[in-house]
Structures are given as structure tokens and as C-alpha cells.
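The structure file entry27.cif is reproduced below (mmCIF, C-alpha atoms).
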data_coords
loop_
_atom_site.label_atom_id
_atom_site.label_comp_id
_atom_site.auth_asym_id
_atom_site.auth_seq_id
_atom_site.Cartn_x
_atom_site.Cartn_y
_atom_site.Cartn_z
CA MET A 1 0.00 0.00 0.00
CA THR A 2 2.69 2.50 0.97
CA LEU A 3 5.03 1.59 -1.89
CA GLY A 4 2.06 1.74 -4.23
CA GLY A 5 1.33 5.25 -3.01
CA LEU A 6 4.85 6.38 -3.77
CA ALA A 7 4.71 4.72 -7.19
CA HIS A 8 1.45 6.53 -7.92
CA ASP A 9 3.07 9.85 -6.97
CA VAL A 10 5.96 9.21 -9.34
CA VAL A 11 4.00 7.86 -12.32
CA GLY A 12 1.30 10.49 -11.94
CA GLN A 13 3.79 13.32 -12.54
CA PRO A 14 5.96 13.39 -15.69
CA ALA A 15 8.63 15.40 -13.89
CA ALA A 16 8.91 12.85 -11.09
CA ALA A 17 8.92 9.97 -13.59
CA ALA A 18 11.77 11.53 -15.57
CA ALA A 19 13.67 12.22 -12.36
CA THR A 20 13.29 8.61 -11.24
CA VAL A 21 14.66 7.25 -14.53
CA VAL A 22 17.68 9.55 -14.42
CA LEU A 23 18.42 8.83 -10.77
CA LEU A 24 18.14 5.07 -11.33
CA PHE A 25 20.66 5.36 -14.15
CA VAL A 26 22.99 7.36 -11.93
CA ALA A 27 22.61 4.91 -9.03
CA LEU A 28 23.33 1.85 -11.21
CA THR A 29 26.39 3.52 -12.72
CA LEU A 30 27.70 4.45 -9.29
CA LEU A 31 27.21 0.95 -7.90
CA LYS A 32 29.09 -0.43 -10.89
CA GLN A 33 32.03 1.98 -10.90
CA SER A 34 32.42 3.38 -7.39
CA SER A 35 31.54 0.60 -5.00
CA THR A 36 34.91 0.81 -3.25
CA ALA A 37 34.50 4.48 -2.41
CA LEU A 38 30.90 4.03 -1.32
CA ARG A 39 31.81 1.08 0.90
CA GLY A 40 34.30 3.36 2.66
CA LEU A 41 31.41 5.26 4.23
CA HIS A 42 31.25 2.71 7.06
CA THR A 43 34.64 3.96 8.32
CA ARG A 44 33.24 7.43 9.00
CA PRO A 45 30.92 7.70 12.04
CA LEU A 46 29.26 10.95 10.93
CA ALA A 47 28.65 9.55 7.46
CA ARG A 48 27.07 6.42 8.99
CA ILE A 49 24.76 8.55 11.12
CA ALA A 50 23.85 10.66 8.08
CA VAL A 51 23.07 7.57 5.98
CA TRP A 52 20.85 6.03 8.63
CA THR A 53 19.07 9.35 9.23
CA VAL A 54 18.33 9.73 5.51
CA ILE A 55 17.09 6.12 5.48
CA LEU A 56 14.88 6.97 8.47
CA PHE A 57 13.38 9.92 6.60
CA ALA A 58 12.79 7.65 3.59
CA LEU A 59 11.05 5.08 5.80
CA VAL A 60 8.87 7.77 7.36
CA ALA A 61 7.93 9.01 3.87
CA THR A 62 7.15 5.49 2.68
CA ALA A 63 5.13 4.58 5.78
CA ALA A 64 3.28 7.92 5.98
CA PRO A 65 -0.17 6.33 5.40
CA ILE A 66 0.49 4.05 8.39
CA LEU A 67 2.16 6.57 10.71
CA ALA A 68 -0.40 9.29 9.96
CA PRO A 69 -3.48 7.78 8.28
CA PRO A 70 -5.19 10.29 5.95
CA THR A 71 -8.89 11.02 5.94
CA PRO A 72 -10.65 8.78 3.39
CA GLY A 73 -11.72 10.62 0.25
CA ARG A 74 -9.44 13.58 0.98
CA ASP A 75 -6.08 14.54 -0.49
CA PRO A 76 -3.58 12.90 1.91
CA TYR A 77 -1.20 15.86 1.55
CA LEU A 78 -3.76 18.24 3.08
CA ILE A 79 -3.19 18.45 6.84
CA PRO A 80 -6.36 17.70 8.85
CA THR A 81 -7.67 20.33 11.25
CA THR A 82 -9.67 19.95 14.45
CA GLY A 83 -11.14 23.44 14.54
CA PHE A 84 -10.59 27.05 13.57
CA GLU A 85 -9.02 28.46 16.72
CA ILE A 86 -6.26 30.92 15.96
CA GLU A 87 -4.06 30.09 18.97
CA PRO A 88 -1.92 26.92 18.66
CA HIS A 89 -2.36 24.06 21.12
CA PRO A 90 0.55 22.32 22.87
CA PRO A 91 1.43 18.64 22.35
CA ASN A 92 -1.16 16.20 23.70
CA SER A 93 -2.33 12.62 23.21
CA LEU A 94 -4.26 13.46 20.02
CA HIS A 95 -1.55 15.73 18.56
CA PRO A 96 1.90 14.53 19.69
CA PHE A 97 3.66 17.60 18.27
CA GLY A 98 0.82 20.06 18.97
CA THR A 99 -1.07 22.17 16.45
CA THR A 100 -0.39 25.37 14.54
CA GLU A 101 -2.78 28.28 14.12
CA ASN A 102 -6.12 27.15 12.68
CA GLN A 103 -5.39 23.80 14.37
CA PHE A 104 -3.30 22.10 11.68
CA ASP A 105 -1.75 18.91 13.13
CA LEU A 106 2.04 19.32 13.27
CA TYR A 107 2.73 15.59 13.54
CA TYR A 108 0.74 14.84 10.40
CA GLY A 109 2.37 17.72 8.55
CA ILE A 110 5.90 16.60 9.42
CA VAL A 111 5.28 12.94 8.49
CA TRP A 112 3.68 13.71 5.12
CA GLY A 113 6.10 16.62 4.70
CA ALA A 114 8.87 14.02 4.44
CA ARG A 115 7.15 12.70 1.30
CA THR A 116 6.89 16.23 -0.05
CA ALA A 117 10.60 16.83 0.64
CA PHE A 118 11.65 13.70 -1.27
CA LYS A 119 9.26 14.43 -4.15
CA VAL A 120 10.63 17.94 -4.56
CA THR A 121 14.33 17.12 -4.15
CA LEU A 122 14.40 13.96 -6.28
CA SER A 123 12.35 15.59 -9.04
CA ILE A 124 14.53 18.69 -9.19
CA VAL A 125 17.86 16.86 -9.00
CA GLY A 126 16.69 14.33 -11.59
CA LEU A 127 15.46 16.99 -14.00
CA SER A 128 18.60 19.08 -13.50
CA LEU A 129 20.74 16.02 -14.24
CA LEU A 130 18.66 15.19 -17.31
CA VAL A 131 18.83 18.69 -18.82
CA GLY A 132 22.42 19.19 -17.69
CA PHE A 133 23.58 15.90 -19.18
CA VAL A 134 21.91 16.56 -22.52
CA LEU A 135 22.94 20.19 -22.98
CA GLY A 136 26.28 20.01 -21.19
CA GLY A 137 27.23 16.74 -22.88
CA VAL A 138 26.37 17.99 -26.37
CA SER A 139 28.10 21.30 -25.70
CA GLY A 140 31.33 19.74 -24.45
CA TYR A 141 31.48 16.95 -27.03
CA TYR A 142 30.76 18.93 -30.20
CA GLY A 143 32.19 22.30 -29.15
CA GLY A 144 32.25 25.17 -31.63
CA LEU A 145 29.03 27.08 -32.27
CA VAL A 146 26.93 24.58 -30.27
CA ASP A 147 29.15 25.07 -27.23
CA GLU A 148 29.03 28.85 -27.60
CA ILE A 149 25.21 28.96 -27.80
CA VAL A 150 24.61 26.61 -24.86
CA MET A 151 27.16 28.33 -22.61
CA ARG A 152 25.77 31.80 -23.36
CA ILE A 153 22.29 30.55 -22.44
CA THR A 154 23.63 29.23 -19.13
CA ASP A 155 25.36 32.58 -18.54
CA VAL A 156 22.00 34.34 -18.88
CA PHE A 157 20.41 32.10 -16.25
CA LEU A 158 23.41 32.29 -13.91
CA ALA A 159 23.40 36.09 -14.13
CA PHE A 160 20.31 36.18 -11.91
CA PRO A 161 20.42 35.35 -8.17
CA GLY A 162 18.92 31.86 -7.86
CA LEU A 163 16.38 32.57 -5.13
CA VAL A 164 15.24 35.81 -6.78
CA LEU A 165 14.72 34.06 -10.13
CA ALA A 166 12.79 31.24 -8.44
CA ILE A 167 10.57 33.78 -6.65
CA VAL A 168 9.82 35.57 -9.93
CA ILE A 169 8.92 32.30 -11.70
CA VAL A 170 6.62 31.11 -8.90
CA ALA A 171 5.01 34.56 -8.64
CA VAL A 172 4.20 34.42 -12.36
CA LEU A 173 3.04 30.78 -12.47
CA GLY A 174 1.21 30.72 -9.13
CA LYS A 175 1.30 28.45 -6.10
CA GLY A 176 1.72 24.69 -6.25
CA LEU A 177 4.27 21.95 -5.76
CA ASP A 178 4.75 21.50 -9.51
CA LYS A 179 5.46 25.23 -9.83
CA ILE A 180 8.13 24.97 -7.13
CA ILE A 181 9.77 22.04 -8.94
CA LEU A 182 9.76 23.93 -12.23
CA ALA A 183 11.08 27.17 -10.72
CA ILE A 184 13.98 25.59 -8.81
CA GLY A 185 14.74 23.29 -11.76
CA VAL A 186 15.10 26.32 -14.05
CA VAL A 187 17.53 27.83 -11.54
CA ASN A 188 19.53 24.61 -11.08
CA TRP A 189 20.08 23.10 -14.53
CA PRO A 190 22.76 25.61 -15.75
CA ILE A 191 25.09 24.57 -12.92
CA TYR A 192 24.75 20.88 -13.85
CA ALA A 193 25.24 21.72 -17.55
CA ARG A 194 28.50 23.53 -16.83
CA LEU A 195 29.77 20.70 -14.64
CA VAL A 196 28.92 18.13 -17.32
CA ARG A 197 30.62 20.21 -19.99
CA GLY A 198 33.82 20.43 -17.93
CA GLU A 199 33.89 16.67 -17.35
CA VAL A 200 33.20 15.92 -21.04
CA LEU A 201 35.98 18.26 -22.18
CA SER A 202 38.46 16.34 -20.00
CA LEU A 203 37.16 12.91 -21.06
CA ILE A 204 37.15 13.40 -24.85
CA GLU A 205 40.95 13.64 -24.76
CA ARG A 206 41.37 10.29 -22.99
CA GLU A 207 42.82 7.27 -24.76
CA PHE A 208 39.74 5.06 -24.44
CA VAL A 209 37.62 7.68 -26.22
CA SER A 210 40.19 8.03 -29.01
CA ALA A 211 40.36 4.24 -29.33
CA SER A 212 36.59 3.96 -29.60
CA ARG A 213 36.53 6.69 -32.25
CA ALA A 214 39.34 4.94 -34.18
CA LEU A 215 37.36 1.67 -34.13
CA GLY A 216 34.45 3.39 -35.84
CA GLY A 217 32.24 4.10 -32.83
CA SER A 218 29.45 6.58 -33.51
CA ASN A 219 29.21 9.84 -31.58
CA LEU A 220 26.07 8.64 -29.79
CA ARG A 221 27.76 5.38 -28.74
CA ILE A 222 30.85 7.19 -27.49
CA ILE A 223 28.75 9.64 -25.48
CA LEU A 224 26.44 7.02 -23.94
CA ARG A 225 28.96 4.19 -23.50
CA HIS A 226 32.20 5.94 -22.58
CA ILE A 227 31.72 9.58 -21.63
CA MET A 228 28.50 9.80 -19.60
CA PRO A 229 29.16 6.81 -17.30
CA ASN A 230 32.58 8.25 -16.45
CA ALA A 231 31.22 11.77 -15.95
CA VAL A 232 28.39 10.85 -13.60
CA PHE A 233 30.15 10.50 -10.23
CA PRO A 234 30.92 14.21 -9.61
CA PHE A 235 27.22 14.94 -10.08
CA PHE A 236 26.25 12.36 -7.51
CA VAL A 237 28.38 14.30 -5.02
CA TYR A 238 27.00 17.67 -6.11
CA GLY A 239 23.46 16.29 -6.28
CA SER A 240 23.64 15.00 -2.70
CA LEU A 241 24.81 18.42 -1.53
CA ASP A 242 22.13 20.06 -3.66
CA MET A 243 19.37 18.00 -2.00
CA GLY A 244 19.72 20.05 1.18
CA ASN A 245 19.86 23.35 -0.68
CA ILE A 246 16.68 22.49 -2.60
CA VAL A 247 14.77 21.85 0.64
CA ILE A 248 15.90 25.23 2.01
CA VAL A 249 14.88 27.10 -1.16
CA SER A 250 11.48 25.35 -1.35
CA ALA A 251 10.90 26.07 2.35
CA ALA A 252 11.83 29.71 1.78
CA LEU A 253 9.28 29.95 -1.06
CA SER A 254 6.58 28.47 1.18
CA PHE A 255 7.55 30.79 4.05
CA LEU A 256 7.17 33.78 1.73
CA GLY A 257 3.70 32.60 0.71
CA LEU A 258 4.79 31.58 -2.79
CA GLY A 259 5.01 27.82 -2.32
CA THR A 260 2.28 25.35 -1.54
CA GLU A 261 -1.24 26.24 -0.47
CA ILE A 262 -2.00 26.80 3.21
CA GLY A 263 -2.58 23.46 4.92
CA TYR A 264 -0.39 21.46 2.53
CA ALA A 265 2.01 19.01 4.19
CA ASP A 266 5.22 20.96 3.64
CA TRP A 267 7.84 21.76 6.26
CA GLY A 268 8.27 25.32 4.99
CA GLN A 269 4.52 25.84 5.15
CA LEU A 270 4.51 24.70 8.80
CA ILE A 271 7.19 27.26 9.69
CA ALA A 272 5.19 29.92 7.85
CA LEU A 273 2.22 29.11 10.08
CA SER A 274 4.41 29.61 13.17
CA ARG A 275 5.78 33.07 12.31
CA LYS A 276 3.24 34.88 14.52
CA TRP A 277 3.94 32.64 17.51
CA ILE A 278 7.74 32.32 17.62
CA LEU A 279 8.20 34.87 20.41
CA GLY A 280 5.17 33.69 22.39
CA GLN A 281 2.98 36.06 24.39
CA PRO A 282 3.78 38.95 26.79
CA GLY A 283 5.05 37.35 29.98
CA HIS A 284 5.18 33.89 28.39
CA ALA A 285 8.13 33.90 26.02
CA PHE A 286 8.41 30.94 23.68
CA VAL A 287 5.24 29.34 25.03
CA PHE A 288 4.48 28.19 21.47
CA TRP A 289 7.97 26.78 20.91
CA TYR A 290 6.60 23.57 19.38
CA THR A 291 5.18 25.41 16.36
CA VAL A 292 8.68 26.15 15.07
CA VAL A 293 10.97 23.63 16.79
CA PHE A 294 9.56 20.44 15.21
CA PRO A 295 9.43 21.57 11.55
CA ALA A 296 12.75 23.41 11.90
CA ALA A 297 14.35 20.26 13.36
CA ALA A 298 13.07 18.19 10.43
CA ILE A 299 14.51 20.64 7.88
CA THR A 300 17.82 20.96 9.76
CA LEU A 301 18.33 17.19 10.10
CA PHE A 302 17.39 16.51 6.47
CA VAL A 303 19.71 19.21 5.11
CA LEU A 304 22.59 18.48 7.50
CA CYS A 305 22.58 14.74 6.77
CA TRP A 306 22.63 15.25 3.00
CA ASN A 307 25.50 17.74 3.35
CA ILE A 308 27.53 15.35 5.53
CA LEU A 309 26.82 12.48 3.13
CA GLY A 310 27.90 14.53 0.11
CA ASP A 311 31.12 15.65 1.81
CA ALA A 312 31.96 12.08 2.82
CA ILE A 313 31.39 10.69 -0.69
CA ARG A 314 33.49 13.49 -2.18
CA ASP A 315 36.37 12.80 0.22
CA LEU A 316 36.25 9.05 -0.42
CA ALA A 317 36.06 9.48 -4.20
CA ASP A 318 38.91 11.99 -4.52
CA PRO A 319 42.33 10.29 -4.18
CA LYS A 320 43.89 13.63 -3.14
CA LEU A 321 41.62 13.81 -0.08
CA ARG A 322 42.01 10.21 1.06
CA LYS A 323 44.10 9.51 4.11
CA PRO A 324 47.30 7.58 3.29
CA ILE A 325 47.37 3.95 4.31
CA ARG A 326 49.94 3.27 7.00
CA MET A 327 51.87 0.06 6.71
#

Rewritten as C-alpha cells:
Amino acid sequence: MTLGGLAHDVVGQPAAAAATVVLLFVALTLLKQSSTALRGLHTRPLARIAVWTVILFALVATAAPILAPPTPGRDPYLIPTTGFEIEPHPPNSLHPFGTTENQFDLYYGIVWGARTAFKVTLSIVGLSLLVGFVLGGVSGYYGGLVDEIVMRITDVFLAFPGLVLAIVIVAVLGKGLDKIILAIGVVNWPIYARLVRGEVLSLIEREFVSASRALGGSNLRIILRHIMPNAVFPFFVYGSLDMGNIVIVSAALSFLGLGTEIGYADWGQLIALSRKWILGQPGHAFVFWYTVVFPAAAITLFVLCWNILGDAIRDLADPKLRKPIRM
């Protein structure tokens, strides 16, 4: 039931489906080529903690219908309410994390917000990889006029501050999770395209590429068989670091009122609902601490663990950063 729900979320959205295909390709390539570096994660305590925390978030997202059963016949991503009181209520037996203003259940929002976080991050990273691989790979491999056109287009996008450009796009398109994915994807793909181009430019001069070309290999075969599989690992590192940044940007859009609709299970939306109650009441400072602490802790842990994981993979993959083996 829970896995079927996640599959429905992916198949029901073309962006998520494309992201899943790209990320599966990246994962299979990494397991094939970089298993030694990835196995080295068990020697780093912080990396182990980060991996298990990310797995915990994934389990919470998968088991959301069990941990926080939705109301039948209602969109499961809409947080249930128990009234229309403005003042939040503290944690109790019915609401373990308390409620926000208008009595939105914080526990439900954080559990289903984990699904939202994975949907947004995986979709954006997958789409950025897809567009970056296509445009950056073609640009680096063929060079010349194609390279000049693609790089000038990326320069135009990179000339704008990322968050400001995302805000403008969402303001024009309107609220919604798909709008957030599109806006942040537009901001992100030029960086991936430039990284791919740099890797391709270094790979096309290698001996195995020249040998394949001398044996009559077509350009498409050389790109798909020799260049892309060898260029993918740096983007796994950058993508893992980017996962945390994407959550922060999407939360910022929701906090500014440009993200999801009010009541949607999104961590940024929960913090937006707590903005009036952060300082508490006169004489009772921080009495509504739970309205901001629980969603902020979820965002902080999610972002921190992805950053630690990305740093660890980068260190293990780069021979210059590995510790020498003592005999």
C-alpha cells in the first residue's frame, strides 16, 4: 500500500517519472564503478549517522499512510484540522507535536512533509541532471558554435540570483508543488550543464575515447557508453549536496507565501504558520515553541545529513583527499 502510493506519486507526474529514470541510471552507474569508495562510508561515524538518518526519513515518507493515516476521500497531503481556533495548542495525546494556528496537526504535517521533501528534491535533481547531461554533454562533445550557444544561455540564467529568479517564476506561475519544482529546476540546470561540460571536455581527450573513435564508434555510442558513465560520479556528489539546498529554497518559497497552499504538508509551510507565535505572548516567552521547533528540526536534520553524506562521498572518491594507508 505504501510503496504503491509512492509509485502513484511518481508515475502520476511526468517530472517525477523523468527524475526517477535519471536517478536510477545514476545509481546503477555508481554501484558499478564506485563501490569501493561508497563502501568506505562505514569507516566514518558521521557519514554512517547521516546515511541512517536519511534512510529513516525515507522510511517515514514510505510509511506515511500508516504513521499518519489520511482522511478517506481527501487529499492525503492536506493536513487535517480539528477546529478554527487561531491560537496553537501544545502537544497532547491526540496531537503529539501540537497544532499550529487554525489547528493544523504538526505531527501529520511533518510525516507527510517528508514525502513532499523527497518528491521535490528527487524531481529537481533528476530533471537538473537530465537537462544538464543533454545540454552540457552535447556542448562539451561537439564544441564550436553549439558550445558557444549553450554556454551563453547558461550565462544568462546564472546572471540572476537563484532565489530571486525562483521567486519571480513562482510569482508568475502561481502556487503549487509543480510550480516549485519547475522554478527551482530552471535555476539549477545551468550549474549541472557547466559541470557536465567540464567533465566531457576532459574525457574526450582520454585514450579510451580516441580508441573507440578509431574503431568506428558513432558519436552517440561514445557519449552514452564511454563519456556519460565516467562523468556521472561528480554529479552524484554535487546532487547529494544540492538536496539540502533544494529543501531550504522550497521552504523559503513556502515561508514567503509563494510555495504550496496553506494546509499542505510541507515543512516550509509549517514554519510559515508559526511566524506569529515564535516569540510567544507577553510574559510567556516561547510558550508556542513547538510550532517552530519540530518543523525546523526536520529541515535541519534533512539538510545536515545530505551535506555530511555529500562531503563524505566526495572525500572518499577523490584520491587527493584520502588519508594515506599506513603500513

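The closest residue to Thr121 in chain A, picked from A:Ser218, A:Ser274, A:Ser210, A:Asn188 and counting only C-alpha atoms, is A:Asn188.
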
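Remark: for Met243 in chain A, the closest of the candidate residues A:Ala61, A:Leu304, A:Ile313, A:Val164 is A:Leu304 (distances computed over all atoms listed in the file).
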
Could you spell out the hits of the PyMOL selection byres ((chain A and resi 190-194) around 6) on the shown file, as a ChimeraX atom specification? /A:132,136,154,188-189,195-197

Let me have the centre and edge lengths in Å, one decimal, of the box along x, y and z around every listed atom of range 122-137 of chain A with 4 Å of margin on each side, as JSON.
{"center_x": 19.8, "center_y": 17.1, "center_z": -14.6, "size_x": 22.9, "size_y": 14.2, "size_z": 24.7}

Take the PyMOL selection byres ((chain A and resi 226) around 12), apply it to the structure above, and return the hits as a PyMOL selection string. chain A and resi 29+137+141+200+203-213+217-225+227-232

Expand the PyMOL selection byres ((chain A and resi 307) around 12) into the explicit residue set it covers here, and present it as a PyMOL selection string. chain A and resi 46-47+50-51+54+237-247+300-306+308-314

May I have the residues within 10 Å of Tyr108 in chain A as a ChimeraX atom specification, using all atoms listed in the file and disregarding those fewer than 2 positions away in the same chain? /A:64-65,67-70,76-80,95-97,99,104-106,110-113,265
